[in-house]
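Containing mmCIF, N, CA and C atoms: start-v4.cif.
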data_target
#
loop_
_atom_site.label_atom_id
_atom_site.label_comp_id
_atom_site.auth_asym_id
_atom_site.auth_seq_id
_atom_site.Cartn_x
_atom_site.Cartn_y
_atom_site.Cartn_z
N VAL A 23 74.55 -17.21 -9.15
CA VAL A 23 74.54 -17.53 -7.74
C VAL A 23 73.18 -18.12 -7.41
N GLY A 24 73.14 -19.31 -6.89
CA GLY A 24 71.90 -20.01 -6.60
C GLY A 24 71.45 -19.77 -5.17
N SER A 25 70.16 -19.92 -4.96
CA SER A 25 69.60 -19.75 -3.63
C SER A 25 68.61 -20.88 -3.38
N ASN A 26 68.62 -21.39 -2.17
CA ASN A 26 67.69 -22.46 -1.81
C ASN A 26 66.32 -21.92 -1.40
N ALA A 27 66.22 -20.62 -1.23
CA ALA A 27 64.95 -20.04 -0.80
C ALA A 27 63.94 -20.10 -1.94
N ALA A 28 62.71 -20.41 -1.58
CA ALA A 28 61.65 -20.46 -2.58
C ALA A 28 61.35 -19.05 -3.06
N PRO A 29 61.13 -18.91 -4.36
CA PRO A 29 60.84 -17.56 -4.86
C PRO A 29 59.50 -17.07 -4.30
N THR A 30 59.46 -15.78 -3.98
CA THR A 30 58.21 -15.21 -3.47
C THR A 30 57.35 -14.79 -4.66
N ARG A 31 56.10 -15.07 -4.52
CA ARG A 31 55.15 -14.74 -5.58
C ARG A 31 54.24 -13.63 -5.09
N ARG A 32 54.12 -12.61 -5.91
CA ARG A 32 53.21 -11.52 -5.56
C ARG A 32 51.79 -11.97 -5.86
N PRO A 33 50.86 -11.69 -4.96
CA PRO A 33 49.47 -12.10 -5.22
C PRO A 33 48.90 -11.31 -6.39
N ARG A 34 48.07 -11.97 -7.16
CA ARG A 34 47.37 -11.30 -8.24
C ARG A 34 46.37 -10.34 -7.62
N PRO A 35 45.99 -9.28 -8.36
CA PRO A 35 45.02 -8.33 -7.79
C PRO A 35 43.75 -8.99 -7.29
N SER A 36 43.23 -9.97 -8.02
CA SER A 36 42.00 -10.62 -7.58
C SER A 36 42.19 -11.34 -6.26
N GLU A 37 43.37 -11.91 -6.03
CA GLU A 37 43.65 -12.57 -4.76
C GLU A 37 43.73 -11.55 -3.64
N ALA A 38 44.39 -10.44 -3.92
CA ALA A 38 44.52 -9.40 -2.90
C ALA A 38 43.15 -8.87 -2.48
N TRP A 39 42.27 -8.64 -3.46
CA TRP A 39 40.94 -8.13 -3.14
C TRP A 39 40.16 -9.15 -2.32
N SER A 40 40.28 -10.43 -2.66
CA SER A 40 39.48 -11.45 -1.97
C SER A 40 39.93 -11.65 -0.53
N LYS A 41 41.16 -11.25 -0.19
CA LYS A 41 41.67 -11.43 1.17
C LYS A 41 41.38 -10.24 2.07
N MET A 42 40.78 -9.18 1.55
CA MET A 42 40.47 -8.00 2.35
C MET A 42 39.39 -8.35 3.36
N ALA A 43 39.40 -7.64 4.50
CA ALA A 43 38.47 -7.93 5.59
C ALA A 43 37.02 -7.63 5.21
N SER A 44 36.78 -6.55 4.50
CA SER A 44 35.42 -6.20 4.14
C SER A 44 35.31 -6.08 2.62
N PRO A 45 34.11 -6.29 2.11
CA PRO A 45 33.96 -6.20 0.65
C PRO A 45 34.21 -4.77 0.17
N VAL A 46 34.81 -4.66 -0.98
CA VAL A 46 35.13 -3.37 -1.56
C VAL A 46 34.42 -3.26 -2.90
N VAL A 47 33.80 -2.13 -3.14
CA VAL A 47 33.14 -1.88 -4.41
C VAL A 47 33.92 -0.78 -5.11
N VAL A 48 34.28 -1.03 -6.34
CA VAL A 48 35.06 -0.07 -7.11
C VAL A 48 34.32 0.23 -8.40
N PHE A 49 34.25 1.52 -8.76
CA PHE A 49 33.66 1.92 -10.02
C PHE A 49 34.75 2.61 -10.83
N VAL A 50 34.99 2.12 -12.03
CA VAL A 50 35.99 2.70 -12.91
C VAL A 50 35.32 2.99 -14.24
N SER A 51 35.58 4.19 -14.76
CA SER A 51 34.99 4.58 -16.02
C SER A 51 35.99 5.40 -16.82
N ALA A 52 36.28 4.96 -18.02
CA ALA A 52 37.18 5.70 -18.90
C ALA A 52 36.32 6.52 -19.86
N GLU A 53 36.15 7.77 -19.54
CA GLU A 53 35.31 8.66 -20.33
C GLU A 53 36.11 9.88 -20.77
N GLU A 54 35.54 10.64 -21.69
CA GLU A 54 36.19 11.85 -22.20
C GLU A 54 36.33 12.92 -21.12
N SER A 55 35.37 12.97 -20.20
CA SER A 55 35.40 13.99 -19.15
C SER A 55 34.93 13.38 -17.83
N SER A 56 35.24 14.07 -16.76
CA SER A 56 34.77 13.58 -15.46
C SER A 56 33.26 13.70 -15.36
N GLN A 57 32.68 14.67 -16.09
CA GLN A 57 31.22 14.80 -16.09
C GLN A 57 30.57 13.56 -16.71
N ALA A 58 31.16 13.07 -17.81
CA ALA A 58 30.63 11.85 -18.44
C ALA A 58 30.81 10.65 -17.52
N ALA A 59 31.95 10.58 -16.82
CA ALA A 59 32.18 9.49 -15.87
C ALA A 59 31.18 9.57 -14.72
N SER A 60 30.91 10.79 -14.24
CA SER A 60 29.92 10.98 -13.17
C SER A 60 28.55 10.53 -13.62
N ALA A 61 28.19 10.87 -14.86
CA ALA A 61 26.89 10.46 -15.39
C ALA A 61 26.80 8.94 -15.46
N GLY A 62 27.88 8.28 -15.86
CA GLY A 62 27.90 6.82 -15.90
C GLY A 62 27.75 6.21 -14.52
N PHE A 63 28.42 6.82 -13.54
CA PHE A 63 28.33 6.35 -12.16
C PHE A 63 26.89 6.48 -11.65
N ILE A 64 26.28 7.63 -11.90
CA ILE A 64 24.91 7.86 -11.44
C ILE A 64 23.95 6.87 -12.11
N GLN A 65 24.16 6.60 -13.38
CA GLN A 65 23.33 5.61 -14.09
C GLN A 65 23.46 4.24 -13.43
N GLU A 66 24.68 3.84 -13.10
CA GLU A 66 24.89 2.55 -12.41
C GLU A 66 24.19 2.55 -11.06
N MET A 67 24.27 3.66 -10.33
CA MET A 67 23.62 3.75 -9.01
C MET A 67 22.10 3.66 -9.17
N ARG A 68 21.56 4.35 -10.16
CA ARG A 68 20.11 4.29 -10.38
C ARG A 68 19.65 2.87 -10.68
N GLN A 69 20.40 2.17 -11.54
CA GLN A 69 20.04 0.80 -11.88
C GLN A 69 20.13 -0.11 -10.65
N THR A 70 21.17 0.09 -9.85
CA THR A 70 21.34 -0.70 -8.63
C THR A 70 20.21 -0.44 -7.65
N LEU A 71 19.85 0.84 -7.46
CA LEU A 71 18.77 1.18 -6.54
C LEU A 71 17.42 0.68 -7.06
N GLN A 72 17.23 0.71 -8.37
CA GLN A 72 16.00 0.18 -8.95
C GLN A 72 15.88 -1.32 -8.66
N LYS A 73 16.97 -2.05 -8.83
CA LYS A 73 16.98 -3.49 -8.54
C LYS A 73 16.72 -3.72 -7.06
N ALA A 74 17.32 -2.88 -6.21
CA ALA A 74 17.10 -3.01 -4.76
C ALA A 74 15.63 -2.78 -4.42
N GLN A 75 14.99 -1.82 -5.09
CA GLN A 75 13.57 -1.58 -4.85
C GLN A 75 12.72 -2.77 -5.29
N GLU A 76 13.08 -3.39 -6.40
CA GLU A 76 12.35 -4.57 -6.86
C GLU A 76 12.51 -5.71 -5.85
N ILE A 77 13.71 -5.91 -5.35
CA ILE A 77 13.95 -6.96 -4.35
C ILE A 77 13.17 -6.66 -3.08
N THR A 78 13.15 -5.40 -2.66
CA THR A 78 12.42 -4.99 -1.47
C THR A 78 10.93 -5.27 -1.62
N GLN A 79 10.39 -5.03 -2.81
CA GLN A 79 8.97 -5.30 -3.06
C GLN A 79 8.67 -6.79 -2.91
N VAL A 80 9.54 -7.63 -3.45
CA VAL A 80 9.34 -9.08 -3.33
C VAL A 80 9.43 -9.52 -1.87
N ILE A 81 10.39 -8.96 -1.13
CA ILE A 81 10.53 -9.29 0.29
C ILE A 81 9.30 -8.83 1.06
N SER A 82 8.80 -7.65 0.74
CA SER A 82 7.59 -7.14 1.41
C SER A 82 6.41 -8.07 1.18
N GLU A 83 6.25 -8.54 -0.05
CA GLU A 83 5.17 -9.48 -0.37
C GLU A 83 5.35 -10.78 0.40
N ALA A 84 6.58 -11.26 0.48
CA ALA A 84 6.86 -12.50 1.22
C ALA A 84 6.55 -12.32 2.70
N GLU A 85 6.91 -11.16 3.25
CA GLU A 85 6.61 -10.90 4.67
C GLU A 85 5.11 -10.84 4.91
N SER A 86 4.38 -10.26 3.96
CA SER A 86 2.93 -10.20 4.09
C SER A 86 2.32 -11.60 4.07
N ILE A 87 2.81 -12.45 3.17
CA ILE A 87 2.33 -13.83 3.10
C ILE A 87 2.67 -14.58 4.38
N ALA A 88 3.86 -14.36 4.90
CA ALA A 88 4.27 -15.01 6.15
C ALA A 88 3.40 -14.55 7.32
N ASP A 89 3.06 -13.25 7.34
CA ASP A 89 2.16 -12.74 8.39
C ASP A 89 0.80 -13.40 8.30
N ASP A 90 0.27 -13.53 7.07
CA ASP A 90 -1.02 -14.19 6.89
C ASP A 90 -0.95 -15.65 7.33
N ALA A 91 0.13 -16.34 6.99
CA ALA A 91 0.29 -17.74 7.40
C ALA A 91 0.35 -17.85 8.92
N THR A 92 1.03 -16.92 9.55
CA THR A 92 1.12 -16.93 11.03
C THR A 92 -0.27 -16.75 11.64
N LYS A 93 -1.06 -15.84 11.07
CA LYS A 93 -2.42 -15.62 11.58
C LYS A 93 -3.28 -16.88 11.43
N PHE A 94 -3.14 -17.56 10.27
CA PHE A 94 -3.89 -18.80 10.07
C PHE A 94 -3.45 -19.86 11.08
N CYS A 95 -2.16 -19.98 11.32
CA CYS A 95 -1.65 -20.96 12.30
C CYS A 95 -2.18 -20.65 13.70
N GLU A 96 -2.17 -19.38 14.06
CA GLU A 96 -2.69 -18.99 15.37
C GLU A 96 -4.18 -19.30 15.50
N ALA A 97 -4.91 -19.08 14.42
CA ALA A 97 -6.35 -19.38 14.44
C ALA A 97 -6.58 -20.88 14.61
N ILE A 98 -5.80 -21.69 13.91
CA ILE A 98 -5.92 -23.15 14.03
C ILE A 98 -5.55 -23.60 15.43
N GLN A 99 -4.46 -23.03 15.98
CA GLN A 99 -4.05 -23.39 17.34
C GLN A 99 -5.14 -23.02 18.35
N ALA A 100 -5.76 -21.84 18.14
CA ALA A 100 -6.81 -21.40 19.06
C ALA A 100 -8.02 -22.33 18.99
N GLN A 101 -8.35 -22.82 17.78
CA GLN A 101 -9.49 -23.72 17.63
C GLN A 101 -9.23 -25.06 18.32
N HIS A 102 -7.99 -25.50 18.32
CA HIS A 102 -7.66 -26.81 18.89
C HIS A 102 -7.01 -26.70 20.26
N SER A 103 -6.94 -25.50 20.81
CA SER A 103 -6.33 -25.24 22.12
C SER A 103 -4.92 -25.82 22.21
N VAL A 104 -4.15 -25.63 21.15
CA VAL A 104 -2.76 -26.11 21.11
C VAL A 104 -1.85 -24.91 21.29
N GLN A 105 -0.91 -25.05 22.23
CA GLN A 105 0.05 -23.97 22.47
C GLN A 105 1.33 -24.28 21.68
N SER A 106 1.83 -23.28 20.95
CA SER A 106 3.04 -23.51 20.16
C SER A 106 4.24 -23.69 21.07
N LYS A 107 5.26 -24.41 20.58
CA LYS A 107 6.47 -24.64 21.35
C LYS A 107 7.17 -23.33 21.67
N LYS A 108 7.20 -22.39 20.71
CA LYS A 108 7.85 -21.10 20.93
C LYS A 108 7.17 -20.34 22.05
N LEU A 109 5.83 -20.33 22.05
CA LEU A 109 5.07 -19.63 23.07
C LEU A 109 5.25 -20.30 24.43
N ALA A 110 5.31 -21.64 24.45
CA ALA A 110 5.46 -22.37 25.70
C ALA A 110 6.83 -22.10 26.32
N LEU A 111 7.87 -21.95 25.50
CA LEU A 111 9.22 -21.74 26.03
C LEU A 111 9.47 -20.30 26.45
N THR A 112 8.97 -19.34 25.70
CA THR A 112 9.28 -17.94 25.98
C THR A 112 8.17 -17.20 26.69
N GLY A 113 6.96 -17.69 26.61
CA GLY A 113 5.84 -17.01 27.23
C GLY A 113 5.20 -15.96 26.34
N LYS A 114 5.82 -15.68 25.21
CA LYS A 114 5.25 -14.72 24.26
C LYS A 114 5.70 -15.09 22.86
N PRO A 115 4.88 -14.83 21.87
CA PRO A 115 5.28 -15.17 20.50
C PRO A 115 6.40 -14.25 20.03
N ALA A 116 7.29 -14.81 19.23
CA ALA A 116 8.40 -14.04 18.69
C ALA A 116 7.91 -13.17 17.54
N ALA A 117 8.24 -11.88 17.59
CA ALA A 117 7.83 -10.96 16.52
C ALA A 117 8.88 -10.95 15.43
N PRO A 118 8.46 -11.15 14.17
CA PRO A 118 9.43 -11.12 13.09
C PRO A 118 9.94 -9.70 12.84
N VAL A 119 11.18 -9.60 12.42
CA VAL A 119 11.78 -8.31 12.10
C VAL A 119 11.40 -7.95 10.67
N PRO A 120 10.77 -6.79 10.45
CA PRO A 120 10.37 -6.42 9.09
C PRO A 120 11.59 -6.00 8.26
N LEU A 121 12.01 -6.85 7.38
CA LEU A 121 13.18 -6.61 6.56
C LEU A 121 12.91 -5.58 5.47
N ALA A 122 11.74 -5.60 4.87
CA ALA A 122 11.43 -4.69 3.76
C ALA A 122 11.52 -3.23 4.20
N ALA A 123 11.03 -2.92 5.38
CA ALA A 123 11.08 -1.53 5.87
C ALA A 123 12.53 -1.09 6.07
N SER A 124 13.35 -1.98 6.58
CA SER A 124 14.77 -1.68 6.76
C SER A 124 15.46 -1.44 5.42
N LEU A 125 15.15 -2.28 4.44
CA LEU A 125 15.73 -2.11 3.11
C LEU A 125 15.29 -0.80 2.47
N THR A 126 14.05 -0.43 2.67
CA THR A 126 13.55 0.83 2.12
C THR A 126 14.31 2.02 2.70
N ARG A 127 14.57 1.99 4.01
CA ARG A 127 15.35 3.07 4.64
C ARG A 127 16.76 3.12 4.07
N GLU A 128 17.38 1.96 3.85
CA GLU A 128 18.72 1.92 3.28
C GLU A 128 18.74 2.47 1.85
N ILE A 129 17.72 2.15 1.08
CA ILE A 129 17.63 2.66 -0.29
C ILE A 129 17.49 4.17 -0.27
N GLN A 130 16.63 4.69 0.61
CA GLN A 130 16.43 6.13 0.70
C GLN A 130 17.74 6.83 1.09
N ALA A 131 18.47 6.25 2.02
CA ALA A 131 19.76 6.84 2.42
C ALA A 131 20.75 6.80 1.26
N SER A 132 20.71 5.73 0.47
CA SER A 132 21.60 5.62 -0.68
C SER A 132 21.28 6.66 -1.75
N VAL A 133 20.00 6.95 -1.93
CA VAL A 133 19.59 7.97 -2.90
C VAL A 133 20.14 9.34 -2.47
N VAL A 134 19.99 9.67 -1.20
CA VAL A 134 20.49 10.95 -0.69
C VAL A 134 22.01 11.01 -0.83
N TRP A 135 22.69 9.92 -0.49
CA TRP A 135 24.15 9.87 -0.60
C TRP A 135 24.58 10.07 -2.05
N THR A 136 23.89 9.41 -2.98
CA THR A 136 24.23 9.52 -4.40
C THR A 136 24.03 10.94 -4.90
N GLN A 137 22.94 11.59 -4.50
CA GLN A 137 22.71 12.97 -4.90
C GLN A 137 23.81 13.89 -4.35
N SER A 138 24.19 13.68 -3.11
CA SER A 138 25.26 14.49 -2.52
C SER A 138 26.58 14.26 -3.25
N LEU A 139 26.86 13.02 -3.59
CA LEU A 139 28.09 12.70 -4.30
C LEU A 139 28.12 13.37 -5.67
N LEU A 140 27.00 13.34 -6.37
CA LEU A 140 26.93 14.00 -7.68
C LEU A 140 27.14 15.50 -7.54
N GLN A 141 26.56 16.09 -6.53
CA GLN A 141 26.75 17.53 -6.31
C GLN A 141 28.21 17.84 -5.98
N MET A 142 28.87 16.96 -5.22
CA MET A 142 30.30 17.16 -4.93
C MET A 142 31.13 17.06 -6.20
N CYS A 143 30.76 16.12 -7.08
CA CYS A 143 31.47 16.01 -8.37
C CYS A 143 31.29 17.28 -9.18
N ASN A 144 30.08 17.82 -9.21
CA ASN A 144 29.82 19.06 -9.92
C ASN A 144 30.63 20.21 -9.33
N MET A 145 30.73 20.26 -8.01
CA MET A 145 31.51 21.31 -7.36
C MET A 145 32.99 21.16 -7.70
N ALA A 146 33.48 19.94 -7.73
CA ALA A 146 34.90 19.71 -8.05
C ALA A 146 35.23 20.15 -9.46
N GLU A 147 34.28 20.04 -10.38
CA GLU A 147 34.50 20.43 -11.77
C GLU A 147 34.27 21.90 -12.03
N SER A 148 33.63 22.58 -11.10
CA SER A 148 33.33 23.99 -11.34
C SER A 148 34.59 24.84 -11.20
N PRO A 149 34.62 25.99 -11.87
CA PRO A 149 35.81 26.85 -11.79
C PRO A 149 35.91 27.61 -10.47
N ALA A 150 34.84 27.62 -9.67
CA ALA A 150 34.85 28.34 -8.40
C ALA A 150 35.81 27.69 -7.41
N ALA A 151 36.54 28.53 -6.70
CA ALA A 151 37.50 28.04 -5.70
C ALA A 151 36.77 27.78 -4.37
N VAL A 152 37.20 26.76 -3.68
CA VAL A 152 36.68 26.45 -2.35
C VAL A 152 37.80 26.73 -1.36
N GLU A 153 37.55 27.68 -0.48
CA GLU A 153 38.57 28.08 0.47
C GLU A 153 38.67 27.07 1.61
N LYS A 154 39.88 26.92 2.11
CA LYS A 154 40.12 26.01 3.23
C LYS A 154 39.28 26.43 4.42
N GLY A 155 38.59 25.46 5.03
CA GLY A 155 37.77 25.72 6.21
C GLY A 155 36.36 26.17 5.91
N SER A 156 36.01 26.33 4.65
CA SER A 156 34.65 26.76 4.31
C SER A 156 33.67 25.61 4.52
N THR A 157 32.43 25.95 4.75
CA THR A 157 31.37 24.96 4.97
C THR A 157 30.61 24.74 3.67
N LEU A 158 30.44 23.50 3.31
CA LEU A 158 29.70 23.16 2.10
C LEU A 158 28.28 22.79 2.47
N GLN A 159 27.33 23.33 1.71
CA GLN A 159 25.93 23.00 1.92
C GLN A 159 25.36 22.50 0.60
N PHE A 160 24.59 21.43 0.66
CA PHE A 160 24.01 20.84 -0.53
C PHE A 160 22.50 21.00 -0.49
N SER A 161 21.96 21.48 -1.59
CA SER A 161 20.51 21.65 -1.71
C SER A 161 20.08 21.16 -3.08
N GLN A 162 18.79 21.22 -3.36
CA GLN A 162 18.29 20.78 -4.65
C GLN A 162 18.86 21.61 -5.79
N SER A 163 19.14 22.89 -5.53
CA SER A 163 19.65 23.76 -6.61
C SER A 163 21.13 23.56 -6.85
N GLY A 164 21.81 22.89 -5.94
CA GLY A 164 23.24 22.65 -6.12
C GLY A 164 24.03 23.07 -4.89
N PRO A 165 25.32 22.75 -4.87
CA PRO A 165 26.15 23.04 -3.70
C PRO A 165 26.49 24.53 -3.61
N THR A 166 26.63 25.02 -2.40
CA THR A 166 27.07 26.39 -2.16
C THR A 166 28.20 26.36 -1.14
N VAL A 167 29.05 27.37 -1.19
CA VAL A 167 30.17 27.49 -0.25
C VAL A 167 29.92 28.68 0.64
N GLN A 168 30.12 28.49 1.94
CA GLN A 168 29.95 29.60 2.90
C GLN A 168 31.24 29.82 3.65
#
Kindly return the structure encoded in the file as structure tokens.
Amino acid sequence: VGSNAAPTRRPRPSEAWSKMASPVVVFVSAEESSQAASAGFIQEMRQTLQKAQEITQVISEAESIADDATKFCEAIQAQHSVQSKKLALTGKPAAPVPLAASLTREIQASVVWTQSLLQMCNMAESPAAVEKGSTLQFSQSGPTVQ
């Protein structure tokens, strides 16, 4: 029995992911145990955070150079009594947003999140039962249930 309708094609996984509204990050690890998979995940997070710190350092240096350049420009303008177009239009110089400080805060939050996630993984693997409605607290020594 023939049909004039065009066959429907299911999107490939890569197409489906690319059409999502926000970017999705997925970590998959085939290991002997969940502890080994957790260790692999933490290693990936450490490497990612290390790279983020290196990028932040470069951005901080660039911001410092830009600040120095701005000071030199202001000194030259002051010597020649030239008012910048930005200052003439707004009445005050525009302050740059420090990106490096913002990135540092994000990295610090990511470190705390990663530590909490690792502790949750350890709790999930432990033989201790977690009762419904209990409060979980995370500390340097490990998670506790109250």
Which residues match the PyMOL selection byres ((chain A and resi 67-84) around 7) in the file above, as a PDB file with N, CA and C atoms, keeping the file's coordinate frame?
ATOM      1  N   GLY A  62      27.880   8.280 -15.860  1.00  0.00           N
ATOM      2  CA  GLY A  62      27.900   6.820 -15.900  1.00  0.00           C
ATOM      3  C   GLY A  62      27.750   6.210 -14.520  1.00  0.00           C
ATOM      4  N   PHE A  63      28.420   6.820 -13.540  1.00  0.00           N
ATOM      5  CA  PHE A  63      28.330   6.350 -12.160  1.00  0.00           C
ATOM      6  C   PHE A  63      26.890   6.480 -11.650  1.00  0.00           C
ATOM      7  N   ILE A  64      26.280   7.630 -11.900  1.00  0.00           N
ATOM      8  CA  ILE A  64      24.910   7.860 -11.440  1.00  0.00           C
ATOM      9  C   ILE A  64      23.950   6.870 -12.110  1.00  0.00           C
ATOM     10  N   GLN A  65      24.160   6.600 -13.380  1.00  0.00           N
ATOM     11  CA  GLN A  65      23.330   5.610 -14.090  1.00  0.00           C
ATOM     12  C   GLN A  65      23.460   4.240 -13.430  1.00  0.00           C
ATOM     13  N   GLU A  66      24.680   3.840 -13.100  1.00  0.00           N
ATOM     14  CA  GLU A  66      24.890   2.550 -12.410  1.00  0.00           C
ATOM     15  C   GLU A  66      24.190   2.550 -11.060  1.00  0.00           C
ATOM     16  N   GLU A  85       6.910 -11.160   3.250  1.00  0.00           N
ATOM     17  CA  GLU A  85       6.610 -10.900   4.670  1.00  0.00           C
ATOM     18  C   GLU A  85       5.110 -10.840   4.910  1.00  0.00           C
ATOM     19  N   SER A  86       4.380 -10.260   3.960  1.00  0.00           N
ATOM     20  CA  SER A  86       2.930 -10.200   4.090  1.00  0.00           C
ATOM     21  C   SER A  86       2.320 -11.600   4.070  1.00  0.00           C
ATOM     22  N   ILE A  87       2.810 -12.450   3.170  1.00  0.00           N
ATOM     23  CA  ILE A  87       2.330 -13.830   3.100  1.00  0.00           C
ATOM     24  C   ILE A  87       2.670 -14.580   4.380  1.00  0.00           C
ATOM     25  N   ALA A  88       3.860 -14.360   4.900  1.00  0.00           N
ATOM     26  CA  ALA A  88       4.270 -15.010   6.150  1.00  0.00           C
ATOM     27  C   ALA A  88       3.400 -14.550   7.320  1.00  0.00           C
ATOM     28  N   ASP A  89       3.060 -13.250   7.340  1.00  0.00           N
ATOM     29  CA  ASP A  89       2.160 -12.740   8.390  1.00  0.00           C
ATOM     30  C   ASP A  89       0.800 -13.400   8.300  1.00  0.00           C
ATOM     31  N   LEU A 121      12.010  -6.850   7.380  1.00  0.00           N
ATOM     32  CA  LEU A 121      13.180  -6.610   6.560  1.00  0.00           C
ATOM     33  C   LEU A 121      12.910  -5.580   5.470  1.00  0.00           C
ATOM     34  N   ALA A 122      11.740  -5.600   4.870  1.00  0.00           N
ATOM     35  CA  ALA A 122      11.430  -4.690   3.760  1.00  0.00           C
ATOM     36  C   ALA A 122      11.520  -3.230   4.200  1.00  0.00           C
ATOM     37  N   ALA A 123      11.030  -2.920   5.380  1.00  0.00           N
ATOM     38  CA  ALA A 123      11.080  -1.530   5.870  1.00  0.00           C
ATOM     39  C   ALA A 123      12.530  -1.090   6.070  1.00  0.00           C
ATOM     40  N   LEU A 125      15.150  -2.280   4.440  1.00  0.00           N
ATOM     41  CA  LEU A 125      15.730  -2.110   3.110  1.00  0.00           C
ATOM     42  C   LEU A 125      15.290  -0.800   2.470  1.00  0.00           C
ATOM     43  N   THR A 126      14.050  -0.430   2.670  1.00  0.00           N
ATOM     44  CA  THR A 126      13.550   0.830   2.120  1.00  0.00           C
ATOM     45  C   THR A 126      14.310   2.020   2.700  1.00  0.00           C
ATOM     46  N   ILE A 129      17.720   2.150   1.080  1.00  0.00           N
ATOM     47  CA  ILE A 129      17.630   2.660  -0.290  1.00  0.00           C
ATOM     48  C   ILE A 129      17.490   4.170  -0.270  1.00  0.00           C
TER      49      ILE A 129
END
Axis-aligned box for all listed atoms of segment 141-144 of chain A, 3 Å per side, centre and edges in Å to one decimal, as AutoDock Vina command-line options:
--center_x 29.0 --center_y 18.1 --center_z -7.4 --size_x 10.9 --size_y 10.2 --size_z 11.0
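Interatomic distance, atom N of Ala58 of chain A against atom N of Pro149 of chain A: 14.6 Å.
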Rounded to one decimal in Å, what is the spacing between atom CA of Ala52 of chain A and atom CA of Met142 of chain A?
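Between atom CA of Ala52 of chain A and atom CA of Met142 of chain A the gap is 19.3 Å.
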At what distance in Å, to one decimal, does atom N of Ala146 of chain A lie from atom N of Ser60 of chain A?
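Going from atom N of Ser60 of chain A over to atom N of Ala146 of chain A, I get 11.5 Å.
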Applying 9 Å and only C-alpha atoms, which residues near Cys143 of chain A remain after dropping the ones on its own chain fewer than 3 positions away? List them as a ChimeraX atom specification.
/A:56-57,60,138-140,146-148
Using DSSP assignments from the backbone, pull out every residue in segment 47-148 of chain A that falls under alpha helix (DSSP H) and give it to me as a ChimeraX atom specification.
/A:56-102,107-112,121-147
